[in-house]
>>> print(open('structure.cif').read())   # mmCIF, C-alpha atoms
data_coords
#
loop_
_atom_site.label_atom_id
_atom_site.label_comp_id
_atom_site.auth_asym_id
_atom_site.auth_seq_id
_atom_site.Cartn_x
_atom_site.Cartn_y
_atom_site.Cartn_z
CA MET O 1 117.25 31.33 74.08
CA GLN O 2 115.23 34.42 75.02
CA ALA O 3 114.14 35.02 78.64
CA TYR O 4 111.23 37.23 79.63
CA GLU O 5 109.16 38.04 82.72
CA LEU O 6 105.41 37.98 83.24
CA LYS O 7 103.53 39.55 86.15
CA THR O 8 100.54 37.71 87.63
CA SER O 9 97.42 39.45 88.93
CA ASP O 10 98.65 38.91 92.52
CA GLY O 11 102.06 40.44 91.81
CA ILE O 12 104.16 37.31 91.29
CA SER O 13 106.90 37.59 88.65
CA LEU O 14 107.13 34.47 86.48
CA HIS O 15 110.38 33.72 84.65
CA ALA O 16 109.71 32.36 81.15
CA GLN O 17 111.87 31.37 78.19
CA LYS O 18 111.62 30.95 74.46
CA TRP O 19 114.06 28.27 73.37
CA SER O 20 114.21 28.96 69.63
CA HIS O 21 113.91 31.72 67.08
CA ILE O 22 112.08 29.69 64.43
CA GLU O 23 109.59 32.39 63.53
CA ASP O 24 108.01 30.54 60.61
CA SER O 25 107.15 27.39 62.59
CA ASP O 26 103.46 26.49 62.64
CA ARG O 27 103.79 24.44 65.86
CA THR O 28 104.54 25.66 69.39
CA LEU O 29 105.23 23.61 72.52
CA LEU O 30 104.93 24.87 76.11
CA ILE O 31 106.68 22.83 78.85
CA VAL O 32 105.25 22.82 82.39
CA HIS O 33 107.77 21.44 84.92
CA GLY O 34 107.32 19.42 88.12
CA LEU O 35 107.44 20.09 91.86
CA GLY O 36 110.70 21.40 93.29
CA GLU O 37 112.44 21.72 89.92
CA HIS O 38 112.60 24.35 87.17
CA GLN O 39 112.39 24.83 83.42
CA ASN O 40 116.12 24.49 82.71
CA ARG O 41 116.00 20.81 83.65
CA TYR O 42 114.11 20.43 80.35
CA ALA O 43 116.78 21.95 78.13
CA HIS O 44 117.36 18.66 76.28
CA VAL O 45 113.60 18.17 75.87
CA ALA O 46 113.29 21.67 74.43
CA GLU O 47 116.24 21.06 72.09
CA HIS O 48 114.67 17.82 70.85
CA PHE O 49 111.47 19.57 69.82
CA VAL O 50 113.28 22.60 68.39
CA LYS O 51 115.03 20.15 66.05
CA ASP O 52 111.56 18.82 65.24
CA GLY O 53 110.58 22.29 64.04
CA PHE O 54 108.70 23.53 67.09
CA GLN O 55 108.90 26.90 68.72
CA VAL O 56 109.42 25.89 72.36
CA TYR O 57 108.51 27.87 75.45
CA SER O 58 108.73 27.10 79.17
CA TYR O 59 108.40 28.89 82.50
CA ASP O 60 109.23 28.48 86.17
CA GLN O 61 106.03 27.94 88.12
CA ARG O 62 105.41 30.24 91.10
CA GLY O 63 107.58 29.23 94.04
CA HIS O 64 110.09 27.54 91.72
CA GLY O 65 113.29 28.32 89.86
CA LYS O 66 113.73 32.03 89.16
CA SER O 67 110.06 32.90 89.63
CA ASP O 68 108.75 34.70 92.71
CA GLY O 69 106.77 33.16 95.53
CA PRO O 70 107.43 31.06 98.65
CA ARG O 71 109.27 27.88 97.69
CA GLY O 72 106.89 24.95 97.36
CA HIS O 73 103.71 26.89 98.08
CA THR O 74 100.77 28.08 96.06
CA PRO O 75 97.57 29.72 97.39
CA SER O 76 95.31 27.51 95.26
CA LEU O 77 95.05 25.39 92.13
CA SER O 78 93.39 28.34 90.40
CA HIS O 79 96.51 30.44 90.87
CA ASN O 80 98.58 27.86 88.95
CA LEU O 81 95.93 27.57 86.24
CA ASP O 82 95.83 31.37 85.92
CA ASP O 83 99.64 31.40 85.69
CA LEU O 84 99.53 28.86 82.87
CA LYS O 85 96.88 30.93 81.09
CA LEU O 86 99.10 34.02 81.46
CA VAL O 87 102.01 32.20 79.79
CA ILE O 88 99.77 30.78 77.06
CA ASP O 89 98.47 34.27 76.29
CA SER O 90 102.06 35.52 75.92
CA ILE O 91 102.72 33.03 73.11
CA PRO O 92 101.69 33.50 69.46
CA HIS O 93 99.06 30.81 69.02
CA LYS O 94 100.30 28.52 66.28
CA ASN O 95 99.03 25.00 66.97
CA LEU O 96 99.95 25.20 70.66
CA TYR O 97 100.81 21.95 72.44
CA LEU O 98 101.30 21.49 76.20
CA TYR O 99 103.87 19.17 77.81
CA GLY O 100 103.28 18.80 81.56
CA HIS O 101 105.37 16.58 83.83
CA SER O 102 104.47 15.36 87.35
CA PHE O 103 103.17 18.39 89.30
CA GLY O 104 103.15 20.19 85.95
CA GLY O 105 101.14 17.28 84.57
CA ASN O 106 98.54 17.89 87.27
CA VAL O 107 98.41 21.59 86.37
CA THR O 108 98.12 20.68 82.69
CA ALA O 109 95.43 18.03 83.20
CA ASN O 110 93.32 20.36 85.30
CA TYR O 111 93.77 23.17 82.79
CA LEU O 112 92.52 20.86 80.02
CA LEU O 113 89.46 19.92 82.06
CA ARG O 114 88.60 23.24 83.73
CA ARG O 115 89.60 25.96 81.26
CA ASP O 116 89.00 27.00 77.65
CA CYS O 117 91.18 24.94 75.30
CA ASP O 118 90.31 26.65 72.01
CA THR O 119 93.93 27.75 71.46
CA LEU O 120 95.36 24.28 72.20
CA ARG O 121 96.03 21.55 69.66
CA ALA O 122 97.07 18.64 71.93
CA ALA O 123 98.80 17.80 75.21
CA ILE O 124 101.28 15.43 76.83
CA LEU O 125 100.84 14.28 80.43
CA SER O 126 104.16 12.82 81.59
CA GLY O 127 104.17 11.01 84.94
CA ALA O 128 101.34 13.35 85.90
CA TRP O 129 100.59 13.76 89.61
CA LEU O 130 97.12 12.24 89.55
CA LYS O 131 97.56 9.56 92.21
CA LEU O 132 100.56 9.25 94.53
CA TYR O 133 102.44 5.94 94.65
CA LYS O 134 102.27 6.06 98.45
CA GLU O 135 98.85 7.46 99.19
CA PRO O 136 98.64 9.43 102.45
CA SER O 137 96.57 7.97 105.27
CA LYS O 138 93.17 9.43 106.13
CA PHE O 139 94.79 10.82 109.28
CA ASP O 140 97.49 12.60 107.24
CA VAL O 141 94.88 14.05 104.89
CA THR O 142 92.76 15.21 107.83
CA MET O 143 95.76 16.85 109.49
CA ALA O 144 96.70 18.54 106.20
CA ASN O 145 93.16 19.91 105.92
CA ILE O 146 93.32 21.26 109.47
CA MET O 147 96.77 22.80 108.94
CA ASN O 148 95.56 24.32 105.68
CA ILE O 149 92.92 26.22 107.65
CA ILE O 150 95.35 27.30 110.37
CA TYR O 151 98.49 28.01 108.32
CA PRO O 152 98.41 26.91 104.65
CA LYS O 153 101.98 28.13 104.05
CA PHE O 154 103.39 25.66 106.59
CA THR O 155 106.16 23.94 104.64
CA GLN O 156 108.12 20.73 105.12
CA GLY O 157 110.34 18.45 103.05
CA ASN O 158 108.58 16.58 100.26
CA LYS O 159 110.40 13.31 101.13
CA LEU O 160 111.37 12.76 97.50
CA ASP O 161 114.15 10.19 97.09
CA PRO O 162 116.40 11.34 94.20
CA ASN O 163 117.03 7.67 93.37
CA ASP O 164 113.36 7.36 92.40
CA LEU O 165 113.73 9.86 89.56
CA SER O 166 115.66 7.66 87.13
CA TYR O 167 117.66 4.45 86.77
CA ILE O 168 120.53 6.70 85.67
CA GLU O 169 122.38 7.50 88.91
CA GLN O 170 123.79 10.80 87.62
CA VAL O 171 120.26 12.20 87.25
CA GLY O 172 119.70 11.96 91.00
CA ILE O 173 123.16 13.36 91.76
CA ASP O 174 122.62 16.35 89.45
CA TYR O 175 119.19 16.93 90.97
CA VAL O 176 120.58 17.07 94.52
CA ASN O 177 123.35 19.47 93.46
CA ASP O 178 121.08 21.77 91.43
CA PRO O 179 121.07 25.20 93.13
CA LEU O 180 117.68 26.11 91.66
CA ARG O 181 115.77 23.08 92.89
CA HIS O 182 114.14 22.71 96.31
CA ASN O 183 112.50 19.92 98.30
CA LYS O 184 109.70 21.92 99.89
CA ILE O 185 105.96 21.44 99.85
CA SER O 186 103.36 23.39 101.83
CA VAL O 187 100.24 21.85 103.35
CA GLY O 188 98.23 24.15 101.09
CA LEU O 189 99.90 22.92 97.92
CA PHE O 190 99.58 19.29 99.00
CA LYS O 191 95.90 19.67 99.83
CA HIS O 192 95.04 21.43 96.57
CA PHE O 193 96.98 19.11 94.28
CA HIS O 194 96.26 15.81 96.00
CA ALA O 195 92.56 16.60 95.60
CA SER O 196 92.86 17.99 92.06
CA GLY O 197 94.74 14.91 90.84
CA LEU O 198 91.95 12.60 91.98
CA TRP O 199 89.38 15.06 90.60
CA ALA O 200 91.08 14.96 87.20
CA ILE O 201 90.77 11.16 87.08
CA GLU O 202 87.08 11.32 88.00
CA ASN O 203 86.39 14.01 85.39
CA ALA O 204 88.69 12.86 82.59
CA GLY O 205 85.64 12.25 80.42
CA GLN O 206 85.46 16.04 79.96
CA LEU O 207 88.75 16.07 78.04
CA LYS O 208 88.48 18.30 74.98
CA ILE O 209 91.69 17.75 72.97
CA PRO O 210 93.93 14.78 72.01
CA THR O 211 96.19 13.90 74.93
CA LEU O 212 99.10 11.46 75.15
CA VAL O 213 99.46 10.03 78.65
CA ILE O 214 102.93 8.58 79.33
CA HIS O 215 104.25 6.99 82.51
CA GLY O 216 107.15 4.90 83.75
CA ALA O 217 106.09 1.45 84.93
CA ASP O 218 108.60 1.62 87.79
CA ASP O 219 107.56 5.07 89.02
CA HIS O 220 107.56 4.99 92.84
CA ILE O 221 106.68 8.67 93.20
CA ILE O 222 103.48 8.92 91.16
CA ASP O 223 101.37 5.81 90.64
CA ALA O 224 101.11 4.75 87.00
CA GLN O 225 97.65 3.42 87.83
CA GLY O 226 96.43 7.01 88.03
CA SER O 227 97.49 7.57 84.43
CA ARG O 228 95.79 4.32 83.40
CA GLU O 229 92.55 5.36 85.09
CA PHE O 230 92.70 8.85 83.57
CA ALA O 231 93.26 7.54 80.04
CA ASP O 232 90.53 4.93 80.43
CA ALA O 233 88.02 7.51 81.67
CA ALA O 234 88.99 10.01 78.96
CA GLY O 235 88.15 7.59 76.15
CA GLU O 236 89.06 8.19 72.51
CA LEU O 237 90.87 11.48 73.03
CA ALA O 238 93.52 9.88 75.28
CA THR O 239 96.39 7.62 74.22
CA LEU O 240 98.25 5.73 76.96
CA SER O 241 101.88 4.58 76.85
CA ILE O 242 103.48 2.86 79.85
CA TYR O 243 107.25 2.38 79.56
CA GLU O 244 108.73 -0.68 81.24
CA ASN O 245 112.01 -0.40 83.18
CA THR O 246 111.52 3.36 83.52
CA LYS O 247 111.09 5.45 86.66
CA HIS O 248 109.46 8.85 87.23
CA GLU O 249 111.38 11.11 84.85
CA LEU O 250 110.87 9.38 81.52
CA HIS O 251 112.75 12.15 79.72
CA ASN O 252 115.80 11.54 81.97
CA ASP O 253 115.90 7.75 82.04
CA ASN O 254 117.36 4.96 79.90
CA LYS O 255 114.53 5.21 77.36
CA ALA O 256 114.52 9.00 77.13
CA GLN O 257 115.26 9.12 73.41
CA GLU O 258 112.62 6.48 72.68
CA VAL O 259 110.07 8.40 74.74
CA LEU O 260 110.77 11.74 73.04
CA SER O 261 110.75 10.11 69.60
CA ASP O 262 107.41 8.48 70.39
CA VAL O 263 106.01 11.86 71.42
CA SER O 264 107.27 13.39 68.17
CA ASP O 265 105.64 10.60 66.16
CA TRP O 266 102.38 11.03 68.05
CA PHE O 267 102.40 14.77 67.34
CA LYS O 268 102.82 14.04 63.62
CA ASN O 269 99.88 11.63 63.56
CA ILE O 270 97.18 13.65 65.30
#
>>> encode(input="structure.cif", output="structure tokens")
Amino acid sequence: MQAYELKTSDGISLHAQKWSHIEDSDRTLLIVHGLGEHQNRYAHVAEHFVKDGFQVYSYDQRGHGKSDGPRGHTPSLSHNLDDLKLVIDSIPHKNLYLYGHSFGGNVTANYLLRRDCDTLRAAILSGAWLKLYKEPSKFDVTMANIMNIIYPKFTQGNKLDPNDLSYIEQVGIDYVNDPLRHNKISVGLFKHFHASGLWAIENAGQLKIPTLVIHGADDHIIDAQGSREFADAAGELATLSIYENTKHELHNDNKAQEVLSDVSDWFKNI
């Protein structure tokens, strides 16, 4: 594994990693992690695709892991999209695939819809934050909008229950004990990404590349219905797979190997 740093236009240092040294591979995968976590929670995912012959890259999003920035805050969606573009530009473009989970799935979906995808071959949206399982009330949204004007960096706990991540109890235990994870979310981040998730569903018809949309049927963090609506609106370029008896982190649940194998098979057939 090779670590490297990238500097954003607003001075944030992003910590990135290359997981393999397969220089002759013609396929490259970039993993985009979720809210409050970091890239190293995807080590087994990276290893799976390295064995499949991919060069695999990942990075800690701003405000996460070993990257700079206030924990759980981002100034705007555009900052995260620019960060993703910065990482993409640091990678030799050899059939580049994106793999975005949860918050990272939102970033990935919006990148696919809002930015140039000429260097991308295909994408995976895993439990993507498009629609929350427990949608906030109109009052909560209004208050978030007001607070975003007054003090967008105002941060509170994200109320995530570790037991909702996976049916495997150890996953939640390891998550709680992980020194690099956090449970913070700012009103600014919530406002930007709650809106951008719903926007992505409404504009999924603008999808430009093949995209596999996967979701756990028992996800009580992000609503699987959002993935269904996105895939339906996207049409032929989207393939939807809902996994029964699986919670939010499909890659960390009882069907993890099945899920990763299905993704590998899908990659081979597009």
>>> resolve_selection(input="structure.cif", expression="the PyMOL selection byres ((chain O and resi 112) around 10)", output="list in words")
Leu81, Leu98, Asn106, Val107, Thr108, Ala109, Asn110, Tyr111, Leu113, Arg114, Arg115, Asp116, Cys117, Leu120, Ala122, Ala123, Ala200, Ala204, Gln206, Leu207, Lys208, Ile209 and Thr211 of chain O
>>> residues_near_point(input="structure.cif", point="(98.8, 9.5, 74.7)", cutoff="12 Å", atoms="all atoms listed in the file", output="VMD selection string")
chain O and resid 99 122 to 127 209 to 215 227 to 228 230 to 232 234 to 242 259 262 to 267 269 to 270
>>> residues_near_point(input="structure.cif", point="(98.2, 6.1, 88.9)", cutoff="9 Å", atoms="all atoms listed in the file", output="PyMOL selection string")
chain O and resi 127-133+215+222-230
>>> residues_around(input="structure.cif", residues="O:Phe154", least_positions_apart="3", cutoff="9 Å", atoms="all atoms listed in the file", output="list of chain:residue names")
O:His73, O:Met147, O:Asn148, O:Tyr151, O:Ile185, O:Ser186, O:Val187, O:Gly188
>>> resolve_selection(input="structure.cif", expression="the PyMOL selection byres ((chain O and resi 42) around 10)", output="list of chain:residue names")
O:Ile31, O:Val32, O:His33, O:Glu37, O:His38, O:Gln39, O:Asn40, O:Arg41, O:Ala43, O:His44, O:Val45, O:Ala46, O:Glu47, O:His48, O:Ser58, O:His251, O:Asn252
>>> resolve_selection(input="structure.cif", expression="the PyMOL selection byres ((chain O and resi 18) around 10)", output="PyMOL selection string")
chain O and resi 1-4+16-17+19-21+29-30+46+55-59+91
>>> atom_distance(input="structure.cif", atom1="atom CA of O:Gly216", atom2="atom CA of O:Ile168")
13.6 Å
>>> closest_residue(input="structure.cif", among="O:Asp10, O:Asp60, O:Asp52, O:Asp161", to="O:Tyr175", atoms="all atoms listed in the file")
O:Asp161
>>> atom_distance(input="structure.cif", atom1="atom CA of O:Ile12", atom2="atom CA of O:Asn183")
20.5 Å
>>> atom_distance(input="structure.cif", atom1="atom CA of O:Lys134", atom2="atom CA of O:Gly63")
24.2 Å
>>> build_atoms(input="structure.cif", residues="stretch 80-94 of chain O", atoms="N, CA and C atoms", output="PDB file, in the frame of the given file")
ATOM      1  N   ASN O  80      97.693  28.515  89.914  1.00  0.00           N
ATOM      2  CA  ASN O  80      98.580  27.860  88.950  1.00  0.00           C
ATOM      3  C   ASN O  80      97.940  27.793  87.567  1.00  0.00           C
ATOM      4  N   LEU O  81      96.626  27.592  87.525  1.00  0.00           N
ATOM      5  CA  LEU O  81      95.930  27.570  86.240  1.00  0.00           C
ATOM      6  C   LEU O  81      95.941  28.963  85.612  1.00  0.00           C
ATOM      7  N   ASP O  82      95.758  29.990  86.428  1.00  0.00           N
ATOM      8  CA  ASP O  82      95.830  31.370  85.920  1.00  0.00           C
ATOM      9  C   ASP O  82      97.239  31.688  85.411  1.00  0.00           C
ATOM     10  N   ASP O  83      98.253  31.190  86.129  1.00  0.00           N
ATOM     11  CA  ASP O  83      99.640  31.400  85.690  1.00  0.00           C
ATOM     12  C   ASP O  83      99.865  30.771  84.324  1.00  0.00           C
ATOM     13  N   LEU O  84      99.375  29.542  84.159  1.00  0.00           N
ATOM     14  CA  LEU O  84      99.530  28.860  82.870  1.00  0.00           C
ATOM     15  C   LEU O  84      98.813  29.636  81.774  1.00  0.00           C
ATOM     16  N   LYS O  85      97.626  30.134  82.068  1.00  0.00           N
ATOM     17  CA  LYS O  85      96.880  30.930  81.090  1.00  0.00           C
ATOM     18  C   LYS O  85      97.665  32.190  80.717  1.00  0.00           C
ATOM     19  N   LEU O  86      98.300  32.817  81.709  1.00  0.00           N
ATOM     20  CA  LEU O  86      99.100  34.020  81.460  1.00  0.00           C
ATOM     21  C   LEU O  86     100.237  33.712  80.488  1.00  0.00           C
ATOM     22  N   VAL O  87     100.909  32.579  80.683  1.00  0.00           N
ATOM     23  CA  VAL O  87     102.010  32.200  79.790  1.00  0.00           C
ATOM     24  C   VAL O  87     101.468  31.870  78.403  1.00  0.00           C
ATOM     25  N   ILE O  88     100.374  31.116  78.352  1.00  0.00           N
ATOM     26  CA  ILE O  88      99.770  30.780  77.060  1.00  0.00           C
ATOM     27  C   ILE O  88      99.424  32.043  76.280  1.00  0.00           C
ATOM     28  N   ASP O  89      98.865  33.028  76.960  1.00  0.00           N
ATOM     29  CA  ASP O  89      98.470  34.270  76.290  1.00  0.00           C
ATOM     30  C   ASP O  89      99.664  35.087  75.812  1.00  0.00           C
ATOM     31  N   SER O  90     100.857  34.796  76.347  1.00  0.00           N
ATOM     32  CA  SER O  90     102.060  35.520  75.920  1.00  0.00           C
ATOM     33  C   SER O  90     102.685  34.912  74.667  1.00  0.00           C
ATOM     34  N   ILE O  91     102.143  33.782  74.225  1.00  0.00           N
ATOM     35  CA  ILE O  91     102.720  33.030  73.110  1.00  0.00           C
ATOM     36  C   ILE O  91     101.853  33.197  71.863  1.00  0.00           C
ATOM     37  N   PRO O  92     102.459  33.493  70.707  1.00  0.00           N
ATOM     38  CA  PRO O  92     101.690  33.500  69.460  1.00  0.00           C
ATOM     39  C   PRO O  92     101.059  32.122  69.249  1.00  0.00           C
ATOM     40  N   HIS O  93      99.755  32.088  69.086  1.00  0.00           N
ATOM     41  CA  HIS O  93      99.060  30.810  69.020  1.00  0.00           C
ATOM     42  C   HIS O  93      99.180  30.176  67.636  1.00  0.00           C
ATOM     43  N   LYS O  94     100.112  29.267  67.519  1.00  0.00           N
ATOM     44  CA  LYS O  94     100.300  28.520  66.280  1.00  0.00           C
ATOM     45  C   LYS O  94     100.305  27.042  66.634  1.00  0.00           C
TER      46      LYS O  94
END
